[in-house]
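Structure below is entry06.pdb: PDB, C-alpha atoms.
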ATOM      1  CA  MET A   1       0.000   0.000   0.000
ATOM      2  CA  ALA A   2       1.151   3.494  -0.652
ATOM      3  CA  VAL A   3       0.015   7.029  -0.009
ATOM      4  CA  ARG A   4       0.521   9.216  -3.041
ATOM      5  CA  CYS A   5      -0.199  12.734  -4.224
ATOM      6  CA  LEU A   6      -1.271  12.770  -7.887
ATOM      7  CA  PRO A   7       0.027  15.538 -10.181
ATOM      8  CA  ASP A   8      -3.225  17.502  -9.841
ATOM      9  CA  GLY A   9      -2.969  17.526  -6.031
ATOM     10  CA  ARG A  10      -5.377  14.681  -5.190
ATOM     11  CA  TRP A  11      -4.290  12.265  -2.426
ATOM     12  CA  ILE A  12      -4.881   8.538  -2.840
ATOM     13  CA  VAL A  13      -4.039   5.306  -1.043
ATOM     14  CA  TYR A  14      -3.424   2.387  -3.384
ATOM     15  CA  TRP A  15      -2.538  -1.288  -3.042
ATOM     16  CA  ASN A  16      -2.613  -4.654  -4.851
ATOM     17  CA  GLU A  17      -4.812  -7.633  -3.949
ATOM     18  CA  ARG A  18      -4.734 -11.184  -5.295
ATOM     19  CA  THR A  19      -8.008 -12.656  -6.531
ATOM     20  CA  PRO A  20      -8.879 -16.343  -5.904
ATOM     21  CA  GLU A  21      -7.914 -16.940  -9.562
ATOM     22  CA  GLY A  22      -4.411 -15.606  -8.864
ATOM     23  CA  ARG A  23      -4.780 -12.319 -10.753
ATOM     24  CA  THR A  24      -3.601  -9.049  -9.275
ATOM     25  CA  GLU A  25      -6.240  -6.363  -8.766
ATOM     26  CA  TYR A  26      -5.274  -2.783  -8.187
ATOM     27  CA  LYS A  27      -7.368  -0.959  -5.616
ATOM     28  CA  TRP A  28      -7.321   2.677  -4.532
ATOM     29  CA  LEU A  29      -9.145   5.111  -2.294
ATOM     30  CA  TYR A  30      -9.473   8.812  -3.085
ATOM     31  CA  PHE A  31      -9.215  11.377  -0.265
ATOM     32  CA  GLY A  32      -9.400  14.764  -2.022
ATOM     33  CA  ARG A  33      -6.912  17.632  -2.138
ATOM     34  CA  GLY A  34      -4.980  19.597   0.454
ATOM     35  CA  PRO A  35      -3.324  18.958   3.797
ATOM     36  CA  SER A  36      -6.441  17.493   5.422
ATOM     37  CA  ALA A  37      -6.780  14.960   2.577
ATOM     38  CA  GLU A  38      -3.146  13.937   3.044
ATOM     39  CA  ALA A  39      -3.731  13.424   6.780
ATOM     40  CA  ARG A  40      -6.837  11.276   6.100
ATOM     41  CA  ALA A  41      -4.939   9.194   3.519
ATOM     42  CA  ARG A  42      -2.045   8.569   5.915
ATOM     43  CA  ARG A  43      -4.462   7.688   8.745
ATOM     44  CA  LYS A  44      -6.245   5.180   6.478
ATOM     45  CA  ASN A  45      -2.889   3.703   5.489
ATOM     46  CA  ASP A  46      -2.067   3.193   9.191
ATOM     47  CA  GLU A  47      -5.535   1.769   9.962
ATOM     48  CA  MET A  48      -5.175  -0.822   7.226
ATOM     49  CA  GLY A  49      -1.890  -1.950   8.765
ATOM     50  CA  PHE A  50       0.385  -1.189   5.851
ATOM     51  CA  LEU A  51       3.779   0.150   6.796
ATOM     52  CA  SER A  52       5.929   2.472   4.773
ATOM     53  CA  ARG A  53       8.972   0.821   3.209
ATOM     54  CA  ARG A  54      11.056   3.936   3.575
ATOM     55  CA  PRO A  55      11.151   6.615   6.214
ATOM     56  CA  GLU A  56       9.171   9.708   5.334
ATOM     57  CA  LYS A  57      10.922  13.003   4.872
ATOM     58  CA  GLU A  58       9.582  16.070   6.542
ATOM     59  CA  PRO A  59       8.040  18.195   3.794
ATOM     60  CA  GLU A  60       9.680  21.539   3.301
ATOM     61  CA  HIS A  61       7.312  24.355   4.098
ATOM     62  CA  SER A  62       6.790  26.256   0.898
ATOM     63  CA  GLY A  63       3.415  27.836   1.403
ATOM     64  CA  PRO A  64      -0.080  26.853   0.338
ATOM     65  CA  LEU A  65      -0.743  24.928  -2.849
ATOM     66  CA  PHE A  66      -1.877  26.891  -5.876
ATOM     67  CA  PHE A  67      -5.245  25.151  -6.078
ATOM     68  CA  GLU A  68      -6.037  26.285  -2.509
ATOM     69  CA  LEU A  69      -5.385  29.898  -3.451
ATOM     70  CA  SER A  70      -7.364  29.615  -6.689
ATOM     71  CA  LYS A  71     -10.361  28.270  -4.781
ATOM     72  CA  ALA A  72     -10.207  31.094  -2.218
ATOM     73  CA  TYR A  73      -9.771  33.642  -5.041
ATOM     74  CA  SER A  74     -12.770  32.430  -7.026
ATOM     75  CA  GLU A  75     -14.973  32.269  -3.903
ATOM     76  CA  SER A  76     -14.145  35.708  -2.539
ATOM     77  CA  LYS A  77     -13.730  37.880  -5.637
ATOM     78  CA  PRO A  78     -16.934  39.589  -6.863
ATOM     79  CA  PHE A  79     -17.276  38.116 -10.370
ATOM     80  CA  ASN A  80     -20.359  38.274 -12.531
ATOM     81  CA  ASP A  81     -21.830  34.840 -13.297
ATOM     82  CA  ASN A  82     -20.320  34.517 -16.776
ATOM     83  CA  SER A  83     -16.817  35.606 -15.711
ATOM     84  CA  LEU A  84     -16.838  33.207 -12.778
ATOM     85  CA  GLU A  85     -17.993  30.329 -14.982
ATOM     86  CA  GLN A  86     -15.258  31.043 -17.570
ATOM     87  CA  LEU A  87     -12.604  31.267 -14.838
ATOM     88  CA  LYS A  88     -13.698  27.936 -13.367
ATOM     89  CA  ILE A  89     -13.563  26.323 -16.814
ATOM     90  CA  ARG A  90     -10.032  27.627 -17.470
ATOM     91  CA  LEU A  91      -8.867  26.625 -13.999
ATOM     92  CA  SER A  92     -10.263  23.104 -14.041
ATOM     93  CA  ALA A  93      -9.437  22.290 -17.658
ATOM     94  CA  ASN A  94      -5.932  23.676 -18.027
ATOM     95  CA  ILE A  95      -4.442  25.688 -15.184
ATOM     96  CA  LEU A  96      -4.976  23.463 -12.142
ATOM     97  CA  PRO A  97      -3.754  20.245 -13.771
ATOM     98  CA  PHE A  98      -0.415  22.012 -14.300
ATOM     99  CA  PHE A  99      -0.121  24.445 -11.371
ATOM    100  CA  GLY A 100      -2.619  23.040  -8.848
ATOM    101  CA  HIS A 101      -0.308  20.646  -7.002
ATOM    102  CA  LEU A 102       2.563  23.137  -6.787
ATOM    103  CA  PRO A 103       3.321  25.038  -3.611
ATOM    104  CA  VAL A 104       2.938  28.704  -4.522
ATOM    105  CA  LEU A 105       6.524  29.559  -3.617
ATOM    106  CA  GLU A 106       7.729  27.076  -6.246
ATOM    107  CA  ILE A 107       5.900  28.901  -9.041
ATOM    108  CA  THR A 108       8.535  30.884 -10.882
ATOM    109  CA  GLU A 109       8.977  32.445 -14.290
ATOM    110  CA  ALA A 110      10.578  29.168 -15.401
ATOM    111  CA  THR A 111       7.414  27.303 -14.338
ATOM    112  CA  ALA A 112       5.261  29.750 -16.300
ATOM    113  CA  ASP A 113       7.558  29.264 -19.318
ATOM    114  CA  GLN A 114       7.139  25.480 -19.035
ATOM    115  CA  TYR A 115       3.364  25.927 -18.974
ATOM    116  CA  ALA A 116       3.466  28.175 -22.046
ATOM    117  CA  LYS A 117       5.662  25.685 -23.931
ATOM    118  CA  LYS A 118       3.342  22.815 -23.020
ATOM    119  CA  ARG A 119       0.259  24.708 -24.179
ATOM    120  CA  ILE A 120       1.992  25.743 -27.431
ATOM    121  CA  ALA A 121       2.906  22.094 -28.025
ATOM    122  CA  ASP A 122      -0.795  21.254 -27.506
ATOM    123  CA  GLY A 123      -1.608  23.605 -30.402
ATOM    124  CA  VAL A 124      -3.286  26.295 -28.305
ATOM    125  CA  LYS A 125      -3.424  29.889 -29.563
ATOM    126  CA  PHE A 126      -1.020  32.357 -27.996
ATOM    127  CA  SER A 127      -3.888  34.614 -26.885
ATOM    128  CA  THR A 128      -5.435  31.708 -24.938
ATOM    129  CA  ILE A 129      -2.137  31.018 -23.184
ATOM    130  CA  VAL A 130      -1.825  34.696 -22.270
ATOM    131  CA  ARG A 131      -5.381  34.673 -20.870
ATOM    132  CA  GLU A 132      -4.650  31.556 -18.764
ATOM    133  CA  LEU A 133      -1.396  32.962 -17.406
ATOM    134  CA  THR A 134      -3.192  36.240 -16.681
ATOM    135  CA  ASP A 135      -5.513  34.245 -14.408
ATOM    136  CA  VAL A 136      -2.474  32.770 -12.623
ATOM    137  CA  LYS A 137      -0.946  36.233 -12.345
ATOM    138  CA  ALA A 138      -4.220  37.603 -10.907
ATOM    139  CA  ILE A 139      -4.448  34.936  -8.181
ATOM    140  CA  LEU A 140      -0.892  35.485  -6.929
ATOM    141  CA  PRO A 141      -1.086  39.246  -6.199
ATOM    142  CA  TRP A 142      -4.557  38.779  -4.703
ATOM    143  CA  SER A 143      -2.960  36.295  -2.276
ATOM    144  CA  ALA A 144       0.033  38.548  -1.637
ATOM    145  CA  THR A 145      -2.140  41.552  -0.729
ATOM    146  CA  ARG A 146      -3.891  39.373   1.852
ATOM    147  CA  LYS A 147      -0.504  38.314   3.298
ATOM    148  CA  ILE A 148      -1.160  34.647   2.437
ATOM    149  CA  ILE A 149       2.069  34.527   0.430
ATOM    150  CA  PRO A 150       5.086  36.810   0.124
ATOM    151  CA  PRO A 151       5.267  39.232  -2.839
ATOM    152  CA  ASN A 152       4.034  37.913  -6.152
ATOM    153  CA  PRO A 153       6.690  35.750  -7.897
ATOM    154  CA  LEU A 154       5.262  36.478 -11.380
ATOM    155  CA  LYS A 155       4.722  40.207 -10.921
ATOM    156  CA  ASP A 156       6.669  41.366 -14.009
ATOM    157  CA  TYR A 157       6.349  38.140 -16.036
ATOM    158  CA  LYS A 158       5.623  38.485 -19.743
ATOM    159  CA  VAL A 159       4.667  35.444 -21.809
ATOM    160  CA  LYS A 160       7.323  34.620 -24.393
ATOM    161  CA  LEU A 161       6.456  33.396 -27.866
ATOM    162  CA  PHE A 162       8.884  30.444 -27.975
ATOM    163  CA  ALA A 163       9.204  30.609 -31.762
ATOM    164  CA  ALA A 164      10.846  27.184 -32.026
ATOM    165  CA  SER A 165       7.938  25.544 -30.175
ATOM    166  CA  ILE A 166       5.378  27.253 -32.385
ATOM    167  CA  GLU A 167       7.129  26.099 -35.549
ATOM    168  CA  THR A 168       7.230  22.476 -34.370
ATOM    169  CA  SER A 169       3.589  22.462 -33.217
ATOM    170  CA  ASN A 170       2.397  23.864 -36.562
ATOM    171  CA  THR A 171       4.142  21.119 -38.545
ATOM    172  CA  LYS A 172       2.098  18.310 -36.946
TER     173      LYS A 172
END
Would you mind writing the file out in structure tokens?
Amino acid sequence: MAVRCLPDGRWIVYWNERTPEGRTEYKWLYFGRGPSAEARARRKNDEMGFLSRRPEKEPEHSGPLFFELSKAYSESKPFNDNSLEQLKIRLSANILPFFGHLPVLEITEATADQYAKKRIADGVKFSTIVRELTDVKAILPWSATRKIIPPNPLKDYKVKLFAASIETSNTK
């Protein structure tokens, strides 16, 4: 059995079981996102009697996860219905799968560049990428003004075109 954080920030416990026919079945339990989900997953792991094969490292404190800030931002900011719906679509479809599991202090210009390159490789228009990164850049200063995080790491970030990436994505 193992406790694992998926790339989008969800915590699961998974293990293998043998069927009477001798096949291996893979089982898992989902516990949600965030620190409380991690605690529940680890508690369940202990309750089921599975021990860790290696000692756990103490996680380095690097602030809240991006998805936690994005949730607080979308709940507290006064959006009209359409704007809120569009933000939620962009967050759930594209932004959170990439940034959601990251501690906010690990989001740098290099991370934003990686996101832009990935989206260009997916064949997405540059204007869409700029709009998505604008959402990321809006969440970070909102959090910084509320003293949730230190000053915004992407304050002066400008999206680069990555001409080589665009050329290769257009030749597919």
Exercise for the section: Between A:Leu140, A:Leu154, A:Leu96, A:Val159, single out the one closest to Ser127 of chain A, counting all atoms listed in the file. Expected result: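 Counting all atoms listed in the file, the residue closest to Ser127 of chain A is A:Val159.
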Taking (1.7, 33.5, 2.6) in the coordinates of the supplied file, I want to know which residues reach to within 12 Å of it, counting only C-alpha atoms; could you give the answer as an mmCIF file with C-alpha atoms, in the frame of the given file?
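Output file selection.cif follows:
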data_model
loop_
_atom_site.group_PDB
_atom_site.id
_atom_site.type_symbol
_atom_site.label_atom_id
_atom_site.label_comp_id
_atom_site.auth_asym_id
_atom_site.auth_seq_id
_atom_site.Cartn_x
_atom_site.Cartn_y
_atom_site.Cartn_z
ATOM 1 C CA HIS A 61 7.312 24.355 4.098
ATOM 2 C CA SER A 62 6.790 26.256 0.898
ATOM 3 C CA GLY A 63 3.415 27.836 1.403
ATOM 4 C CA PRO A 64 -0.080 26.853 0.338
ATOM 5 C CA LEU A 65 -0.743 24.928 -2.849
ATOM 6 C CA PHE A 66 -1.877 26.891 -5.876
ATOM 7 C CA GLU A 68 -6.037 26.285 -2.509
ATOM 8 C CA LEU A 69 -5.385 29.898 -3.451
ATOM 9 C CA PRO A 103 3.321 25.038 -3.611
ATOM 10 C CA VAL A 104 2.938 28.704 -4.522
ATOM 11 C CA LEU A 105 6.524 29.559 -3.617
ATOM 12 C CA LEU A 140 -0.892 35.485 -6.929
ATOM 13 C CA PRO A 141 -1.086 39.246 -6.199
ATOM 14 C CA TRP A 142 -4.557 38.779 -4.703
ATOM 15 C CA SER A 143 -2.960 36.295 -2.276
ATOM 16 C CA ALA A 144 0.033 38.548 -1.637
ATOM 17 C CA THR A 145 -2.140 41.552 -0.729
ATOM 18 C CA ARG A 146 -3.891 39.373 1.852
ATOM 19 C CA LYS A 147 -0.504 38.314 3.298
ATOM 20 C CA ILE A 148 -1.160 34.647 2.437
ATOM 21 C CA ILE A 149 2.069 34.527 0.430
ATOM 22 C CA PRO A 150 5.086 36.810 0.124
ATOM 23 C CA PRO A 151 5.267 39.232 -2.839
ATOM 24 C CA ASN A 152 4.034 37.913 -6.152
ATOM 25 C CA PRO A 153 6.690 35.750 -7.897
#
Can you write out as a Markdown table which residues of segment 12-103 of chain A fall within 12 Å of segment 111-114 of chain A, alongside each residue's closest atom pair and its distance in Å to one decimal, counting all atoms listed in the file and ordering rows by chain and ascending residue number?
| residue | atom | partner | partner_atom | distance |
| --- | --- | --- | --- | --- |
| A:Ile95 | CA | A:Ala112 | CA | 10.6 |
| A:Phe98 | CA | A:Thr111 | CA | 9.4 |
| A:Phe99 | CA | A:Thr111 | CA | 8.6 |
| A:Leu102 | CA | A:Thr111 | CA | 9.9 |
| A:Pro103 | CA | A:Thr111 | CA | 11.7 |
Practice task
Tell me which of A:Arg90, A:His101, A:Lys71, A:Lys77 sits closest to Pro35 of chain A, counting all atoms listed in the file.
Solution key: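 Using all atoms listed in the file, Pro35 of chain A sits closest to A:His101.
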Problem - Close residues, segment 15-32 of chain A itself excluded, 8 Å, all atoms listed in the file, min 4 positions apart in chain, as a VMD selection string - result: chain A and resid 1 to 2 10 to 11 37 to 38 40 to 41
If you apply the PyMOL selection byres ((chain A and resi 133) around 10) to this file, what residues do you get, as a PDB file with C-alpha atoms, keeping the file's coordinate frame?
ATOM      1  CA  ILE A  95      -4.442  25.688 -15.184  1.00  0.00           C
ATOM      2  CA  ALA A 112       5.261  29.750 -16.300  1.00  0.00           C
ATOM      3  CA  ASP A 113       7.558  29.264 -19.318  1.00  0.00           C
ATOM      4  CA  TYR A 115       3.364  25.927 -18.974  1.00  0.00           C
ATOM      5  CA  ALA A 116       3.466  28.175 -22.046  1.00  0.00           C
ATOM      6  CA  SER A 127      -3.888  34.614 -26.885  1.00  0.00           C
ATOM      7  CA  THR A 128      -5.435  31.708 -24.938  1.00  0.00           C
ATOM      8  CA  ILE A 129      -2.137  31.018 -23.184  1.00  0.00           C
ATOM      9  CA  VAL A 130      -1.825  34.696 -22.270  1.00  0.00           C
ATOM     10  CA  ARG A 131      -5.381  34.673 -20.870  1.00  0.00           C
ATOM     11  CA  GLU A 132      -4.650  31.556 -18.764  1.00  0.00           C
ATOM     12  CA  THR A 134      -3.192  36.240 -16.681  1.00  0.00           C
ATOM     13  CA  ASP A 135      -5.513  34.245 -14.408  1.00  0.00           C
ATOM     14  CA  VAL A 136      -2.474  32.770 -12.623  1.00  0.00           C
ATOM     15  CA  LYS A 137      -0.946  36.233 -12.345  1.00  0.00           C
ATOM     16  CA  ALA A 138      -4.220  37.603 -10.907  1.00  0.00           C
ATOM     17  CA  ILE A 139      -4.448  34.936  -8.181  1.00  0.00           C
ATOM     18  CA  LEU A 154       5.262  36.478 -11.380  1.00  0.00           C
ATOM     19  CA  TYR A 157       6.349  38.140 -16.036  1.00  0.00           C
ATOM     20  CA  LYS A 158       5.623  38.485 -19.743  1.00  0.00           C
ATOM     21  CA  VAL A 159       4.667  35.444 -21.809  1.00  0.00           C
TER      22      VAL A 159
END
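Between atom CA of Ser70 of chain A and atom CA of Leu91 of chain A the separation is 8.0 Å.
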Listed atoms of segment 31-40 of chain A, axis-aligned box, 8 Å per side: centre and edge lengths to one decimal in Å, as lines of an AutoDock Vina configuration file?
center_x = -6.3
center_y = 15.4
center_z = 2.3
size_x = 22.3
size_y = 24.3
size_z = 24.9
Practice task
Using atom CA of Pro97 of chain A and atom CA of Leu6 of chain A as the two end points, give the distance in Å to one decimal.
Solution key: 9.8 Å
Exercise for the section: Rounded to one decimal place, report the atom CA of Asp122 of chain A-atom CA of Ile89 of chain A distance in Å. Expected result: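 Computing it gives 17.4 Å between the two atoms.
Ranking A:Arg33, A:Lys118, A:Arg42, A:Lys88 by their shortest atom-to-atom distance to Pro7 of chain A, with all atoms listed in the file included, puts A:Arg33 first.
Proximity ranking of A:Arg43, A:Lys160, A:Arg4, A:Lys125 relative to Ala110 of chain A places A:Lys160 first, based on only C-alpha atoms.
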